[in-house]
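Chemist: Dropping in model_36.txt, which is compact mmCIF, C-alpha atoms:
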```txt
# COMPACT_ATOMS: atom_id res chain seq x y z
CA MET A 1 57.39 74.90 176.63
CA GLN A 2 55.95 73.37 179.81
CA PHE A 3 54.61 69.84 180.21
CA LYS A 4 51.16 71.22 181.02
CA GLN A 5 50.96 72.75 177.53
CA ILE A 6 51.29 69.34 175.89
CA VAL A 7 48.17 67.33 175.08
CA GLY A 8 47.95 63.98 176.92
CA GLN A 9 51.05 61.77 177.33
CA GLU A 10 50.79 61.87 181.14
CA ALA A 11 52.72 58.61 181.63
CA VAL A 12 55.60 59.82 179.45
CA LYS A 13 55.70 63.17 181.24
CA GLN A 14 55.92 61.44 184.62
CA ARG A 15 58.68 59.15 183.42
CA LEU A 16 60.74 62.11 182.21
CA ILE A 17 60.18 64.05 185.45
CA ASN A 18 61.15 61.01 187.54
CA SER A 19 64.38 60.57 185.57
CA VAL A 20 65.41 64.07 186.66
CA LYS A 21 64.31 63.64 190.29
CA GLU A 22 66.14 60.31 190.56
CA ASN A 23 69.25 61.61 188.74
CA ARG A 24 68.88 59.04 185.95
CA VAL A 25 69.24 61.40 182.99
CA SER A 26 70.74 59.52 180.04
CA HIS A 27 73.05 61.64 177.89
CA ALA A 28 71.55 60.31 174.59
CA GLN A 29 67.80 59.69 174.33
CA LEU A 30 65.51 58.89 171.41
CA PHE A 31 61.96 60.25 171.63
CA LEU A 32 60.14 57.90 169.25
CA GLY A 33 56.50 58.50 168.41
CA PRO A 34 54.17 58.74 165.42
CA GLY A 35 53.56 62.09 163.75
CA GLY A 36 51.44 64.47 165.79
CA SER A 37 51.94 62.57 169.06
CA GLY A 38 53.88 65.40 170.72
CA SER A 39 57.42 63.96 170.63
CA LEU A 40 59.04 67.28 169.73
CA PRO A 41 57.27 69.46 172.34
CA LEU A 42 57.94 66.75 174.95
CA ALA A 43 61.67 66.94 174.19
CA VAL A 44 61.62 70.75 174.48
CA ALA A 45 59.59 70.63 177.72
CA TYR A 46 62.00 68.04 179.14
CA ALA A 47 65.00 70.22 178.30
CA GLN A 48 63.29 73.24 179.87
CA TYR A 49 62.51 71.24 183.02
CA LEU A 50 66.14 70.12 183.31
CA SER A 51 67.36 73.73 183.10
CA CYS A 52 64.62 75.30 185.23
CA GLU A 53 65.97 77.24 188.23
CA ASP A 54 62.83 76.71 190.35
CA LYS A 55 61.38 73.30 189.44
CA ARG A 56 57.85 72.45 190.55
CA VAL A 57 56.76 68.95 191.54
CA ASP A 58 55.43 68.15 188.07
CA ASP A 59 56.70 70.88 185.74
CA SER A 60 59.15 73.71 185.14
CA CYS A 61 58.20 77.02 186.75
CA GLY A 62 57.78 78.92 183.48
CA GLU A 63 58.92 82.12 185.19
CA CYS A 64 62.64 81.96 185.91
CA SER A 65 65.26 83.42 183.57
CA SER A 66 66.01 80.02 182.05
CA CYS A 67 62.34 79.21 181.38
CA ARG A 68 61.70 82.57 179.77
CA LYS A 69 64.58 82.02 177.36
CA TYR A 70 63.43 78.47 176.64
CA GLN A 71 59.93 79.67 175.85
CA LYS A 72 61.41 81.82 173.08
CA LEU A 73 63.84 79.02 172.03
CA MET A 74 66.67 81.49 172.66
CA HIS A 75 68.52 79.88 175.56
CA PRO A 76 72.30 79.81 174.89
CA ASP A 77 72.49 76.15 176.01
CA LEU A 78 69.62 74.97 173.81
CA HIS A 79 70.49 73.96 170.25
CA PHE A 80 68.43 72.47 167.43
CA SER A 81 69.22 70.40 164.39
CA TYR A 82 66.63 69.54 161.74
CA PRO A 83 66.30 68.64 158.05
CA THR A 84 66.85 71.41 155.54
CA PHE A 85 66.17 71.57 151.82
CA GLY A 86 69.06 73.67 150.59
CA THR A 87 72.57 73.10 149.28
CA PRO A 88 75.38 71.19 151.04
CA LYS A 89 76.73 74.58 152.09
CA GLU A 90 73.69 75.34 154.27
CA SER A 91 73.11 74.03 157.79
CA ALA A 92 70.37 74.37 160.41
CA ILE A 93 71.79 77.60 161.87
CA ASP A 94 71.03 79.35 158.57
CA PHE A 95 67.31 78.78 159.19
CA ILE A 96 67.08 79.20 162.97
CA GLU A 97 64.69 82.17 162.79
CA ASN A 98 62.37 80.19 160.51
CA TRP A 99 62.59 77.28 162.93
CA ARG A 100 61.71 79.38 165.96
CA THR A 101 58.75 80.91 164.16
CA ALA A 102 57.50 77.53 162.91
CA PHE A 103 57.73 75.81 166.30
CA LEU A 104 56.26 78.67 168.31
CA GLU A 105 53.32 78.93 165.92
CA ASN A 106 52.71 75.16 165.86
CA ASN A 107 54.44 72.92 168.41
CA TYR A 108 53.12 69.88 166.52
CA LEU A 109 54.67 70.78 163.19
CA ASN A 110 55.53 68.06 160.68
CA LEU A 111 57.91 68.01 157.74
CA ASP A 112 55.32 69.40 155.30
CA ILE A 113 54.58 72.33 157.61
CA TRP A 114 58.31 72.95 158.11
CA ARG A 115 58.81 72.79 154.34
CA SER A 116 56.22 75.56 153.87
CA TYR A 117 58.17 77.90 156.18
CA LEU A 118 61.19 77.57 153.89
CA ASP A 119 59.28 77.73 150.59
CA ALA A 120 61.11 74.52 149.72
CA GLY A 121 58.62 73.20 147.17
CA ASN A 122 59.41 69.58 146.36
CA LYS A 123 63.09 69.71 147.30
CA GLN A 124 64.45 66.71 149.14
CA ALA A 125 65.00 67.02 152.89
CA ASN A 126 68.26 65.93 154.48
CA ILE A 127 70.67 66.54 157.35
CA ASN A 128 74.01 67.01 155.61
CA ILE A 129 77.62 66.49 156.66
CA LEU A 130 78.09 70.22 157.31
CA GLU A 131 75.28 70.05 159.87
CA CYS A 132 76.92 67.03 161.51
CA HIS A 133 80.14 69.03 161.89
CA GLN A 134 78.12 71.93 163.34
CA ILE A 135 76.55 69.56 165.89
CA ILE A 136 79.96 68.32 166.97
CA LYS A 137 81.19 71.91 167.32
CA LYS A 138 78.14 72.99 169.37
CA LEU A 139 78.49 70.07 171.76
CA SER A 140 82.24 70.38 172.25
CA PHE A 141 81.87 73.28 174.70
CA LYS A 142 80.69 73.28 178.30
CA PRO A 143 77.25 74.68 179.23
CA PHE A 144 77.17 78.46 179.26
CA GLU A 145 74.39 79.26 181.78
CA SER A 146 72.55 76.06 182.76
CA VAL A 147 73.62 72.79 184.28
CA TYR A 148 72.94 71.08 180.94
CA LYS A 149 73.77 71.83 177.33
CA VAL A 150 71.03 70.30 175.15
CA LEU A 151 70.87 69.54 171.44
CA ILE A 152 67.52 68.42 170.04
CA LEU A 153 67.86 66.66 166.69
CA TRP A 154 64.46 66.48 164.96
CA LEU A 155 63.91 63.67 162.42
CA PRO A 156 67.25 61.81 162.49
CA GLU A 157 65.72 59.62 159.77
CA TYR A 158 67.14 62.21 157.37
CA LEU A 159 70.71 61.57 158.43
CA ASP A 160 72.50 59.56 155.77
CA LYS A 161 75.74 57.66 156.37
CA GLN A 162 77.35 60.96 157.31
CA GLY A 163 75.47 60.56 160.59
CA ASN A 164 78.21 58.16 161.66
CA ALA A 165 80.34 61.26 162.18
CA LEU A 166 78.27 61.84 165.32
CA LEU A 167 79.04 58.50 166.96
CA LYS A 168 82.00 59.69 169.01
CA ILE A 169 80.17 62.74 170.39
CA ILE A 170 77.18 60.55 171.26
CA GLU A 171 79.32 57.94 173.01
CA GLU A 172 81.73 60.33 174.72
CA PRO A 173 79.97 63.68 175.19
CA GLN A 174 81.19 66.54 177.30
CA PRO A 175 79.91 66.40 180.91
CA ASN A 176 76.28 67.52 181.33
CA THR A 177 75.64 67.40 177.60
CA LEU A 178 72.33 65.93 176.38
CA PHE A 179 71.61 64.63 172.90
CA LEU A 180 67.83 64.30 172.34
CA LEU A 181 66.72 62.74 169.08
CA VAL A 182 63.07 63.09 168.03
CA ALA A 183 61.97 60.53 165.46
CA GLU A 184 58.88 59.00 163.86
CA ASN A 185 60.28 55.93 162.07
CA GLN A 186 62.73 53.71 163.92
CA ASP A 187 63.50 51.60 160.84
CA GLN A 188 64.94 54.60 158.99
CA ILE A 189 67.44 55.58 161.69
CA LEU A 190 71.05 54.47 161.38
CA ASN A 191 71.53 51.37 163.57
CA THR A 192 74.85 52.73 164.78
CA ILE A 193 73.03 55.73 166.27
CA LEU A 194 69.97 53.77 167.42
CA SER A 195 72.07 51.39 169.50
CA ARG A 196 73.66 54.27 171.39
CA THR A 197 70.46 55.93 172.63
CA GLN A 198 67.94 55.28 175.38
CA LEU A 199 64.49 54.75 173.85
CA ILE A 200 61.51 56.82 175.05
CA LYS A 201 58.39 55.46 173.32
CA ILE A 202 55.57 57.95 172.81
CA PRO A 203 52.15 56.56 171.78
CA ALA A 204 49.67 58.18 169.41
CA LEU A 205 47.12 60.43 171.10
CA GLY A 206 43.69 59.04 171.89
CA TYR A 207 40.44 60.04 170.22
CA SER A 208 39.07 61.72 173.38
CA GLU A 209 42.31 63.61 174.05
CA ILE A 210 42.25 65.22 170.62
CA LYS A 211 38.50 65.87 170.66
CA ASP A 212 38.63 67.55 174.09
CA HIS A 213 41.65 69.65 173.07
CA LEU A 214 39.90 70.93 169.94
CA VAL A 215 36.79 71.86 171.92
CA GLU A 216 38.60 73.48 174.86
CA LYS A 217 41.52 75.20 173.13
CA HIS A 218 40.28 75.81 169.58
CA ASN A 219 36.57 76.52 170.15
CA GLN A 220 35.37 73.68 167.94
CA THR A 221 31.85 72.34 168.34
CA ASP A 222 31.45 68.82 169.71
CA ASP A 223 30.41 67.49 166.30
CA ALA A 224 33.26 69.20 164.40
CA ALA A 225 35.84 68.12 167.00
CA ALA A 226 34.50 64.56 166.96
CA GLN A 227 34.81 64.30 163.17
CA ILE A 228 38.33 65.73 163.12
CA ALA A 229 39.46 63.49 166.00
CA TYR A 230 37.98 60.52 164.17
CA LEU A 231 39.73 61.38 160.91
CA CYS A 232 43.19 62.32 162.19
CA ASN A 233 43.94 58.87 163.66
CA GLY A 234 45.79 60.16 166.72
CA ASN A 235 47.81 62.78 164.83
CA LEU A 236 47.28 66.23 166.35
CA ALA A 237 49.27 67.91 163.56
CA GLU A 238 46.78 66.51 161.05
CA ALA A 239 43.88 67.53 163.29
CA LEU A 240 45.06 71.14 163.44
CA THR A 241 45.43 71.19 159.66
CA MET A 242 41.95 69.72 159.15
CA MET A 243 40.49 72.30 161.49
CA LYS A 244 41.35 74.99 158.94
CA GLU A 245 39.65 73.13 156.10
CA GLU A 246 35.98 72.81 155.23
CA SER A 247 35.27 69.23 156.27
CA ASN A 248 31.48 69.04 156.63
CA GLY A 249 29.43 66.58 154.60
CA PHE A 250 32.10 63.92 154.08
CA HIS A 251 29.79 61.17 155.30
CA GLU A 252 26.93 61.93 152.91
CA PHE A 253 29.32 62.51 150.03
CA PHE A 254 31.21 59.27 150.63
CA VAL A 255 28.11 57.10 151.03
CA GLN A 256 26.65 58.68 147.89
CA TRP A 257 29.83 57.74 146.04
CA LEU A 258 29.60 54.10 147.13
CA ARG A 259 25.93 53.93 146.15
CA LEU A 260 26.69 55.32 142.70
CA CYS A 261 29.49 52.79 142.26
CA PHE A 262 27.25 49.94 143.46
CA ALA A 263 24.56 50.92 140.95
CA ASN A 264 27.20 51.59 138.27
CA LYS A 265 25.58 54.91 137.32
CA GLY A 266 28.15 56.20 134.85
CA ILE A 267 26.74 59.67 134.15
CA GLU A 268 26.21 60.42 137.85
CA ILE A 269 29.68 59.10 138.69
CA VAL A 270 31.16 61.54 136.17
CA ALA A 271 29.24 64.35 137.93
CA PHE A 272 30.62 63.14 141.28
CA VAL A 273 34.16 63.10 139.87
CA ASP A 274 33.75 66.66 138.62
CA GLN A 275 32.56 67.79 142.06
CA ALA A 276 35.33 65.94 143.93
CA SER A 277 38.01 67.40 141.64
CA LYS A 278 37.02 70.92 142.74
CA MET A 279 37.31 70.27 146.50
CA GLY A 280 40.96 71.33 146.79
CA ARG A 281 43.87 69.03 147.58
CA GLU A 282 43.62 69.11 151.39
CA ASN A 283 39.88 68.45 151.37
CA GLN A 284 40.38 65.65 148.85
CA LYS A 285 42.93 64.07 151.19
CA ASN A 286 40.60 64.48 154.16
CA PHE A 287 37.68 63.04 152.20
CA LEU A 288 39.70 59.95 151.27
CA ARG A 289 40.97 59.66 154.83
CA TYR A 290 37.38 59.77 156.05
CA GLY A 291 36.44 56.98 153.63
CA ILE A 292 39.35 54.82 154.84
CA SER A 293 38.39 55.36 158.47
CA PHE A 294 34.69 54.72 157.81
CA ILE A 295 35.31 51.42 156.01
CA ARG A 296 37.65 50.36 158.82
CA GLU A 297 34.81 50.94 161.27
CA CYS A 298 32.67 48.68 159.08
CA CYS A 299 35.40 46.06 159.39
CA LEU A 300 35.17 46.25 163.18
CA ILE A 301 31.44 45.61 162.98
CA LEU A 302 32.00 42.69 160.59
CA SER A 303 34.58 41.27 163.01
CA GLY A 304 32.16 41.38 165.93
CA ALA A 305 33.99 44.28 167.59
CA GLY A 306 31.19 46.83 167.30
CA SER A 307 31.86 48.08 170.84
CA LEU A 308 35.14 49.58 169.56
CA VAL A 309 33.45 51.68 166.87
CA HIS A 310 33.64 55.47 167.32
CA LEU A 311 30.95 56.92 165.07
CA PRO A 312 28.10 59.40 165.64
CA PRO A 313 24.67 57.65 165.79
CA ARG A 314 23.62 58.47 162.22
CA GLU A 315 26.93 57.33 160.73
CA LEU A 316 26.92 54.23 162.95
CA GLU A 317 23.51 53.30 161.59
CA THR A 318 24.83 53.58 158.02
CA ALA A 319 27.91 51.49 158.87
CA GLN A 320 25.73 48.76 160.40
CA LYS A 321 23.61 48.63 157.24
CA MET A 322 26.67 48.48 155.01
CA ALA A 323 28.16 45.68 157.11
CA LYS A 324 25.16 43.51 156.20
CA VAL A 325 26.05 43.62 152.50
CA MET A 326 29.84 43.60 152.79
CA ASN A 327 32.60 41.19 153.74
CA ILE A 328 36.12 41.74 155.08
CA GLN A 329 37.82 40.99 151.77
CA LEU A 330 35.68 43.56 149.94
CA ALA A 331 36.23 46.17 152.66
CA GLN A 332 39.99 45.66 152.52
CA GLY A 333 39.93 46.02 148.76
CA ILE A 334 38.13 49.36 148.97
CA ILE A 335 40.52 50.57 151.68
CA THR A 336 43.49 49.66 149.47
CA GLU A 337 42.10 51.68 146.55
CA LEU A 338 41.40 54.69 148.81
CA GLU A 339 44.90 54.53 150.30
CA LYS A 340 46.41 54.46 146.81
CA ALA A 341 44.31 57.49 145.88
CA HIS A 342 45.43 59.36 149.00
CA TYR A 343 49.06 58.59 148.16
CA HIS A 344 48.67 59.96 144.63
CA ILE A 345 46.72 63.07 145.73
CA GLU A 346 49.65 63.93 148.02
CA ARG A 347 51.85 63.78 144.94
CA ASN A 348 49.67 66.13 142.92
CA ALA A 349 47.92 63.58 140.71
CA ASN A 350 45.23 64.93 138.36
CA PRO A 351 42.11 64.68 140.57
CA LYS A 352 39.64 64.08 137.73
CA ILE A 353 41.60 61.16 136.35
CA LEU A 354 42.30 59.83 139.83
CA PHE A 355 38.70 59.88 141.15
CA LEU A 356 37.38 58.40 137.91
CA ASP A 357 39.92 55.57 138.10
CA VAL A 358 39.15 54.88 141.77
CA SER A 359 35.43 54.85 140.98
CA LEU A 360 35.98 52.22 138.27
CA GLN A 361 38.09 50.11 140.63
CA ILE A 362 35.41 50.30 143.35
CA ILE A 363 32.74 49.32 140.80
CA LYS A 364 34.76 46.20 139.96
CA LEU A 365 35.14 45.37 143.66
CA LEU A 366 31.50 46.00 144.51
CA SER A 367 29.79 44.34 141.58
CA LEU A 368 30.26 40.66 142.37
CA PRO A 369 30.95 40.21 146.12
CA ILE A 370 28.17 42.48 147.39
CA ARG A 371 25.55 41.06 145.09
CA GLN A 372 26.53 37.52 146.02
CA LYS A 373 26.17 38.31 149.72
CA ALA A 374 22.98 40.29 149.23
CA ASP A 375 21.38 37.39 147.36
CA THR A 376 22.20 34.80 150.02
```
Could I get this file's structure written as structure tokens?

Modeler:
Amino acid sequence: MQFKQIVGQEAVKQRLINSVKENRVSHAQLFLGPGGSGSLPLAVAYAQYLSCEDKRVDDSCGECSSCRKYQKLMHPDLHFSYPTFGTPKESAIDFIENWRTAFLENNYLNLDIWRSYLDAGNKQANINILECHQIIKKLSFKPFESVYKVLILWLPEYLDKQGNALLKIIEEPQPNTLFLLVAENQDQILNTILSRTQLIKIPALGYSEIKDHLVEKHNQTDDAAAQIAYLCNGNLAEALTMMKEESNGFHEFFVQWLRLCFANKGIEIVAFVDQASKMGRENQKNFLRYGISFIRECCLILSGAGSLVHLPPRELETAQKMAKVMNIQLAQGIITELEKAHYHIERNANPKILFLDVSLQIIKLLSLPIRQKADT
């Protein structure tokens, strides 16, 4: 994995490169960024750059023996630790082939994608005490080929109190040993580990970065890429998942839903619910995510921040019209109901019951506030 293969994050890349050039490589670093921001591929690219035998000014060479092994995740001085879903007798090494396949097929994988590679169903993820002992064992030896031995620990949030077993190896590692943690939620990491790492903050990707990537690398049309970039909220993993789903027509479908709720057309709402229940779980999630994003854009207009709105002309026109008959409190209420629905869809709620319930809640929200504003 080379830095040039990673979408955006130019400032972070430069900081990592400079740390190597200036010999300021901290032995324990925490790559902290939201899902789909590229934290994991950045950690791998950084490790590859450190071990590269013919470094370029701004990247690893991608051609030397070390780089070729890194690109297959098969370098003897590169180790991974990650959540698993099995018994306490299983550790990360038991699933290394699955891990290599998952990462090489999708550098921006998330826990749900990783779960699918292990057919784990709804099993709980964790990094168990056996894995902690394996980490200590791996890091107790000197580098085999490269200057550095590197262990990348993905999602340390899933370390329970047994993670304290790692404190000594983090504080007093073998020479030229690097411990790179890749996390999404700082609040869920053990404070004892957090306090012993150097923080590398990684921001969410921008709308244009994701849109351009989808057009240039995945042959999406401008309109399709724009809609996905708008919906994914800076999460490239979500964007790549959405790209595989049928996502056209969300705008018309969502506005139709609001109009039916505003008019309280019971029979037509039941027909809408029936149609929405047949969309499939991923499309239902994307549809609700679109609705949340669209209402948030309406909030920007209501707040006088219309210049920050990212909507195609036709959708912008609709949002401007809706803003005339809506207030912030109402918009926030609708967003709350849509977020609840998204949460329950992720947990396999019955879609017919769910969409009917949300429709009734939106009717209650819409009935009084909108009419009061429309009449004034």

Chemist: Could you list, with a cut-off of 10 Å and counting only C-alpha atoms, the residues of stretch 50-100 of chain A near stretch 133-147 of chain A, each shown with its nearest atom pair and the distance in Å rounded to one decimal, rows sorted by chain and ascending number, as JSON lines?

Modeler:
```
{"residue": "A:Leu50", "atom": "CA", "partner": "A:Val147", "partner_atom": "CA", "distance": 8.0}
{"residue": "A:Ser51", "atom": "CA", "partner": "A:Ser146", "partner_atom": "CA", "distance": 5.7}
{"residue": "A:Cys52", "atom": "CA", "partner": "A:Ser146", "partner_atom": "CA", "distance": 8.3}
{"residue": "A:Glu53", "atom": "CA", "partner": "A:Ser146", "partner_atom": "CA", "distance": 8.6}
{"residue": "A:Ser66", "atom": "CA", "partner": "A:Ser146", "partner_atom": "CA", "distance": 7.7}
{"residue": "A:His75", "atom": "CA", "partner": "A:Glu145", "partner_atom": "CA", "distance": 8.6}
{"residue": "A:Pro76", "atom": "CA", "partner": "A:Phe144", "partner_atom": "CA", "distance": 6.7}
{"residue": "A:Asp77", "atom": "CA", "partner": "A:Pro143", "partner_atom": "CA", "distance": 5.9}
{"residue": "A:Leu78", "atom": "CA", "partner": "A:Pro143", "partner_atom": "CA", "distance": 9.4}
{"residue": "A:His79", "atom": "CA", "partner": "A:Lys138", "partner_atom": "CA", "distance": 7.8}
{"residue": "A:Phe80", "atom": "CA", "partner": "A:Ile135", "partner_atom": "CA", "distance": 8.8}
{"residue": "A:Ser81", "atom": "CA", "partner": "A:Ile135", "partner_atom": "CA", "distance": 7.5}
{"residue": "A:Ser91", "atom": "CA", "partner": "A:Gln134", "partner_atom": "CA", "distance": 7.8}
{"residue": "A:Ala92", "atom": "CA", "partner": "A:Gln134", "partner_atom": "CA", "distance": 8.6}
{"residue": "A:Ile93", "atom": "CA", "partner": "A:Gln134", "partner_atom": "CA", "distance": 8.6}
```

Chemist: Show me, as JSON, numbers by chain, the residues that have an atom within 12 Å of A:Thr318 when counting all atoms listed in the file, minus same-chain residues fewer than 4 positions from it.

Modeler: {"A": [251, 252, 254, 255, 256, 258, 259, 294, 295, 297, 298, 301, 311, 312, 313, 314, 322, 323, 324, 325]}

Chemist: Would you please work out which residue, of A:Ala225, A:Ile328, A:Ile200, A:Leu153, is nearest to A:Asp212 when using only C-alpha atoms?

Modeler: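 Closest candidate: A:Ala225.
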
Chemist: In Å, how far is it from atom CA of A:Gln48 to atom CA of A:Pro203?

Modeler: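 Computing the Euclidean distance for atom CA of A:Gln48 and atom CA of A:Pro203 yields 21.6 Å.
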
Chemist: Around the point (48.3, 69.3, 184.5) (coordinates from the file), which residues reach within 12 Å if we count all atoms listed in the file? Answer as a ChimeraX atom specification.

Modeler: /A:2-11,13-14,56-60

Chemist: In Å, rounded to a single decimal, give me how far atom CA of A:Thr241 is from atom CA of A:His213.

Modeler: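 Separation between atom CA of A:His213 and atom CA of A:Thr241: 14.0 Å.
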
Chemist: Could you check which of A:Gln220, A:Ser39, A:Thr87, A:Gln275 is closest to A:Pro351, using only C-alpha atoms?

Modeler: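 Closest to A:Pro351, using only C-alpha atoms: A:Gln275.
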
Chemist: Which neighbours of A:Gly333 fall inside 12 Å, counting all atoms listed in the file, when residues of the same chain fewer than 2 positions from it are skipped, and could you give them as a PyMOL selection string?

Modeler: chain A and resi 292+295-296+299+326-331+335-340+358+361-366+369

Chemist: Write out as a compact mmCIF listing (two decimals) with C-alpha atoms, in the frame of the given file each polymer residue whose atoms come within 12 Å of A:Asn233, counting all atoms listed in the file; drop sequence neighbours fewer than 3 positions from it.

Modeler:
```
# COMPACT_ATOMS: atom_id res chain seq x y z
CA PRO A 34 54.17 58.74 165.42
CA GLY A 35 53.56 62.09 163.75
CA GLY A 36 51.44 64.47 165.79
CA SER A 37 51.94 62.57 169.06
CA PRO A 203 52.15 56.56 171.78
CA ALA A 204 49.67 58.18 169.41
CA LEU A 205 47.12 60.43 171.10
CA GLY A 206 43.69 59.04 171.89
CA TYR A 207 40.44 60.04 170.22
CA SER A 208 39.07 61.72 173.38
CA GLU A 209 42.31 63.61 174.05
CA ILE A 210 42.25 65.22 170.62
CA LYS A 211 38.50 65.87 170.66
CA ALA A 226 34.50 64.56 166.96
CA GLN A 227 34.81 64.30 163.17
CA ILE A 228 38.33 65.73 163.12
CA ALA A 229 39.46 63.49 166.00
CA TYR A 230 37.98 60.52 164.17
CA LEU A 236 47.28 66.23 166.35
CA ALA A 237 49.27 67.91 163.56
CA GLU A 238 46.78 66.51 161.05
CA ALA A 239 43.88 67.53 163.29
CA MET A 242 41.95 69.72 159.15
CA ASN A 286 40.60 64.48 154.16
CA ARG A 289 40.97 59.66 154.83
CA TYR A 290 37.38 59.77 156.05
CA ILE A 292 39.35 54.82 154.84
CA SER A 293 38.39 55.36 158.47
CA PHE A 294 34.69 54.72 157.81
CA ARG A 296 37.65 50.36 158.82
CA HIS A 310 33.64 55.47 167.32
```

Chemist: So how far away is atom CA of A:Leu40 from atom CA of A:Glu216, in Å?

Modeler: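 Calculated distance between atom CA of A:Glu216 and atom CA of A:Leu40 is 22.0 Å.
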
Chemist: Just give me the residues with any atom within 12 Å of (69.6, 62.1, 181.3), file coordinates, counting all atoms listed in the file, written as number ranges by chain.

Modeler: A: 15-30, 43, 46-47, 49-51, 147-150, 175-180, 197-200

Chemist: Closest to A:Arg100 among A:Phe85, A:Gln71, A:Leu151, A:His342, using only C-alpha atoms?

Modeler: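 When distances to A:Arg100 are compared using only C-alpha atoms, the smallest one comes from A:Gln71.
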
Chemist: Mind checking which residues fall within 12 Å of A:Gln124, counting all atoms listed in the file, ignoring those fewer than 4 positions away in the same chain, and posting them as a PyMOL selection string?

Modeler: chain A and resi 83-88+111-112+115+120+128+158

Chemist: Would you fill out stretch 278-295 of chain A with N, CA and C atoms and return it as an mmCIF file, in the frame of the given file?

Modeler:
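Final file, out_14.cif:
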```
data_model
loop_
_atom_site.group_PDB
_atom_site.id
_atom_site.type_symbol
_atom_site.label_atom_id
_atom_site.label_comp_id
_atom_site.auth_asym_id
_atom_site.auth_seq_id
_atom_site.Cartn_x
_atom_site.Cartn_y
_atom_site.Cartn_z
ATOM 1 N N LYS A 278 37.021 69.493 142.419
ATOM 2 C CA LYS A 278 37.020 70.920 142.740
ATOM 3 C C LYS A 278 37.137 71.177 144.251
ATOM 4 N N MET A 279 37.313 70.132 145.041
ATOM 5 C CA MET A 279 37.310 70.270 146.500
ATOM 6 C C MET A 279 38.592 70.903 147.037
ATOM 7 N N GLY A 280 39.665 70.872 146.277
ATOM 8 C CA GLY A 280 40.960 71.330 146.790
ATOM 9 C C GLY A 280 41.724 70.150 147.351
ATOM 10 N N ARG A 281 43.043 70.196 147.250
ATOM 11 C CA ARG A 281 43.870 69.030 147.580
ATOM 12 C C ARG A 281 43.709 68.569 149.027
ATOM 13 N N GLU A 282 43.721 69.509 149.989
ATOM 14 C CA GLU A 282 43.620 69.110 151.390
ATOM 15 C C GLU A 282 42.276 68.477 151.700
ATOM 16 N N ASN A 283 41.192 69.047 151.148
ATOM 17 C CA ASN A 283 39.880 68.450 151.370
ATOM 18 C C ASN A 283 39.749 67.105 150.673
ATOM 19 N N GLN A 284 40.385 66.950 149.531
ATOM 20 C CA GLN A 284 40.380 65.650 148.850
ATOM 21 C C GLN A 284 41.081 64.608 149.720
ATOM 22 N N LYS A 285 42.213 64.983 150.300
ATOM 23 C CA LYS A 285 42.930 64.070 151.190
ATOM 24 C C LYS A 285 42.078 63.716 152.408
ATOM 25 N N ASN A 286 41.433 64.727 152.992
ATOM 26 C CA ASN A 286 40.600 64.480 154.160
ATOM 27 C C ASN A 286 39.390 63.615 153.824
ATOM 28 N N PHE A 287 38.816 63.838 152.643
ATOM 29 C CA PHE A 287 37.680 63.040 152.200
ATOM 30 C C PHE A 287 38.084 61.568 152.059
ATOM 31 N N LEU A 288 39.218 61.318 151.429
ATOM 32 C CA LEU A 288 39.700 59.950 151.270
ATOM 33 C C LEU A 288 40.056 59.337 152.629
ATOM 34 N N ARG A 289 40.641 60.144 153.491
ATOM 35 C CA ARG A 289 40.970 59.660 154.830
ATOM 36 C C ARG A 289 39.700 59.295 155.590
ATOM 37 N N TYR A 290 38.651 60.102 155.403
ATOM 38 C CA TYR A 290 37.380 59.770 156.050
ATOM 39 C C TYR A 290 36.866 58.423 155.536
ATOM 40 N N GLY A 291 36.913 58.235 154.207
ATOM 41 C CA GLY A 291 36.440 56.980 153.630
ATOM 42 C C GLY A 291 37.197 55.778 154.176
ATOM 43 N N ILE A 292 38.532 55.911 154.291
ATOM 44 C CA ILE A 292 39.350 54.820 154.840
ATOM 45 C C ILE A 292 38.924 54.511 156.266
ATOM 46 N N SER A 293 38.777 55.546 157.071
ATOM 47 C CA SER A 293 38.390 55.360 158.470
ATOM 48 C C SER A 293 37.000 54.747 158.585
ATOM 49 N N PHE A 294 36.064 55.212 157.746
ATOM 50 C CA PHE A 294 34.690 54.720 157.810
ATOM 51 C C PHE A 294 34.626 53.232 157.450
ATOM 52 N N ILE A 295 35.324 52.830 156.399
ATOM 53 C CA ILE A 295 35.310 51.420 156.010
ATOM 54 C C ILE A 295 35.994 50.563 157.074
#
```
